[in-house]
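Dropping upload.cif in here (mmCIF, C-alpha atoms):
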```
data_query
loop_
_atom_site.group_PDB
_atom_site.id
_atom_site.type_symbol
_atom_site.label_atom_id
_atom_site.label_comp_id
_atom_site.auth_asym_id
_atom_site.auth_seq_id
_atom_site.Cartn_x
_atom_site.Cartn_y
_atom_site.Cartn_z
ATOM 1 C CA MET A 1 119.349 60.190 62.914
ATOM 2 C CA LYS A 2 117.700 58.195 65.710
ATOM 3 C CA ILE A 3 115.212 55.424 65.016
ATOM 4 C CA GLY A 4 112.440 54.760 67.509
ATOM 5 C CA TYR A 5 109.735 52.226 68.208
ATOM 6 C CA LYS A 6 106.213 53.215 69.265
ATOM 7 C CA VAL A 7 104.346 50.995 71.729
ATOM 8 C CA PHE A 8 100.563 51.279 71.684
ATOM 9 C CA ALA A 9 99.801 50.773 75.382
ATOM 10 C CA GLU A 10 96.036 50.801 74.914
ATOM 11 C CA ALA A 11 96.240 47.541 72.969
ATOM 12 C CA HIS A 12 98.565 45.603 75.279
ATOM 13 C CA ASP A 13 98.804 44.758 78.946
ATOM 14 C CA PRO A 14 101.778 46.211 80.880
ATOM 15 C CA LYS A 15 103.845 42.996 80.744
ATOM 16 C CA GLU A 16 103.543 42.912 76.967
ATOM 17 C CA VAL A 17 104.487 46.595 76.724
ATOM 18 C CA VAL A 18 107.662 45.951 78.730
ATOM 19 C CA ARG A 19 108.425 42.864 76.642
ATOM 20 C CA GLN A 20 108.172 44.959 73.468
ATOM 21 C CA VAL A 21 110.553 47.551 74.906
ATOM 22 C CA VAL A 22 113.107 44.858 75.736
ATOM 23 C CA GLU A 23 112.785 43.450 72.215
ATOM 24 C CA ALA A 24 113.107 46.917 70.689
ATOM 25 C CA GLU A 25 116.413 47.385 72.504
ATOM 26 C CA ARG A 26 117.578 43.943 71.365
ATOM 27 C CA ALA A 27 116.628 44.861 67.774
ATOM 28 C CA GLY A 28 118.806 47.986 67.947
ATOM 29 C CA PHE A 29 116.254 50.785 68.188
ATOM 30 C CA ASP A 30 117.536 54.013 69.738
ATOM 31 C CA PHE A 31 114.398 54.891 71.705
ATOM 32 C CA VAL A 32 110.916 53.705 72.582
ATOM 33 C CA GLU A 33 107.896 55.916 73.019
ATOM 34 C CA ILE A 34 104.945 54.502 74.957
ATOM 35 C CA SER A 35 101.510 56.036 74.510
ATOM 36 C CA ASP A 36 100.147 57.696 77.632
ATOM 37 C CA HIS A 37 96.387 57.487 77.870
ATOM 38 C CA TYR A 38 94.456 56.586 80.984
ATOM 39 C CA HIS A 39 91.609 55.065 79.027
ATOM 40 C CA PRO A 40 91.404 52.989 75.850
ATOM 41 C CA TRP A 41 90.342 54.818 72.679
ATOM 42 C CA LEU A 42 88.072 52.017 71.514
ATOM 43 C CA TYR A 43 85.958 49.423 73.307
ATOM 44 C CA SER A 44 88.058 46.715 71.643
ATOM 45 C CA HIS A 45 91.139 47.968 73.512
ATOM 46 C CA GLY A 46 91.357 46.124 76.770
ATOM 47 C CA HIS A 47 94.220 47.776 78.625
ATOM 48 C CA SER A 48 95.655 51.139 79.424
ATOM 49 C CA GLY A 49 98.266 50.805 82.141
ATOM 50 C CA PHE A 50 99.963 53.674 83.961
ATOM 51 C CA VAL A 51 102.763 54.565 81.548
ATOM 52 C CA TRP A 52 105.175 55.748 84.233
ATOM 53 C CA SER A 53 105.105 52.335 85.942
ATOM 54 C CA MET A 54 105.689 50.624 82.609
ATOM 55 C CA LEU A 55 108.614 52.952 81.872
ATOM 56 C CA ALA A 56 110.153 52.154 85.266
ATOM 57 C CA SER A 57 109.749 48.442 84.692
ATOM 58 C CA ALA A 58 111.232 48.719 81.201
ATOM 59 C CA ALA A 59 114.154 50.765 82.533
ATOM 60 C CA SER A 60 114.965 48.016 85.025
ATOM 61 C CA ARG A 61 115.158 45.472 82.191
ATOM 62 C CA THR A 62 117.105 47.511 79.635
ATOM 63 C CA SER A 63 120.445 49.280 79.654
ATOM 64 C CA ARG A 64 120.853 51.378 76.514
ATOM 65 C CA ILE A 65 117.564 52.337 74.937
ATOM 66 C CA ARG A 66 116.027 55.731 75.700
ATOM 67 C CA LEU A 67 112.465 55.766 77.011
ATOM 68 C CA ALA A 68 109.727 58.368 76.630
ATOM 69 C CA THR A 69 105.986 58.892 76.818
ATOM 70 C CA GLY A 70 103.961 59.833 73.784
ATOM 71 C CA VAL A 71 102.226 62.599 75.708
ATOM 72 C CA THR A 72 101.930 63.382 79.388
ATOM 73 C CA CYS A 73 99.559 66.167 80.212
ATOM 74 C CA PRO A 74 99.803 67.128 83.908
ATOM 75 C CA THR A 75 96.760 69.373 83.755
ATOM 76 C CA VAL A 76 94.104 67.417 81.893
ATOM 77 C CA ARG A 77 94.957 63.726 82.214
ATOM 78 C CA TYR A 78 96.766 63.674 85.533
ATOM 79 C CA HIS A 79 97.127 65.964 88.496
ATOM 80 C CA PRO A 80 100.619 67.564 88.390
ATOM 81 C CA ALA A 81 101.510 65.918 91.709
ATOM 82 C CA ILE A 82 100.948 62.450 90.239
ATOM 83 C CA VAL A 83 103.317 63.221 87.341
ATOM 84 C CA ALA A 84 105.891 64.728 89.714
ATOM 85 C CA GLN A 85 105.823 61.641 91.913
ATOM 86 C CA ALA A 86 106.062 59.290 88.927
#
```

What does the file become when written as structure tokens?
Amino acid sequence: MKIGYKVFAEAHDPKEVVRQVVEAERAGFDFVEISDHYHPWLYSHGHSGFVWSMLASAASRTSRIRLATGVTCPTVRYHPAIVAQA
């Protein structure tokens, strides 16, 4: 069994998301999943960074933990070329 940690990107700025990933690895989690929405769900949510940039930043600061998006939809949310480039 693998145990993961979910990061709610709509509630945190990108630096905080990466910090949480680093801490999740330090705590021994097997993987982290970062939500992938290009807009906040609620007006009280102040951030919604580009998940692929946050994953790249987290990957440069970790060595073991596996990284994933919650959902990436290359037809509705993003143009397929954007996802391919990311």

Counting all atoms listed in the file, which residues sit no farther than 8 Å from the position (101.8, 62.4, 75.7) in the file's frame? I'd like them as a ChimeraX atom specification. /A:35-37,69-73

Those residues with C-alpha atoms, as an mmCIF file, keeping the file's coordinate frame please?
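Final output, result.cif:
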```
data_model
loop_
_atom_site.group_PDB
_atom_site.id
_atom_site.type_symbol
_atom_site.label_atom_id
_atom_site.label_comp_id
_atom_site.auth_asym_id
_atom_site.auth_seq_id
_atom_site.Cartn_x
_atom_site.Cartn_y
_atom_site.Cartn_z
ATOM 1 C CA SER A 35 101.510 56.036 74.510
ATOM 2 C CA ASP A 36 100.147 57.696 77.632
ATOM 3 C CA HIS A 37 96.387 57.487 77.870
ATOM 4 C CA THR A 69 105.986 58.892 76.818
ATOM 5 C CA GLY A 70 103.961 59.833 73.784
ATOM 6 C CA VAL A 71 102.226 62.599 75.708
ATOM 7 C CA THR A 72 101.930 63.382 79.388
ATOM 8 C CA CYS A 73 99.559 66.167 80.212
#
```

I'd like to see the residues matched by the PyMOL selection byres ((chain A and resi 52-67) around 8) on this file, and ideally I'd get them as a ChimeraX atom specification. /A:14,17-19,21-22,25,29-34,49-51,68-69,86

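Note that atom CA of A:Tyr43 and atom CA of A:Tyr5 are 24.5 Å apart.
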
Name the closest residue to A:Ile3 among the candidates A:Ala27, A:Arg77, A:Val83, A:Ser48; distances are taken between atoms, counting all atoms listed in the file. A:Ala27

Using only C-alpha atoms, the best pick from A:Gln20, A:Lys2, A:Val76, A:Ala11 as closest to A:Ser44 would be A:Ala11

Rounded to one decimal, what separation in Å do you get between atom CA of A:Arg26 and atom CA of A:Val7? 15.0 Å
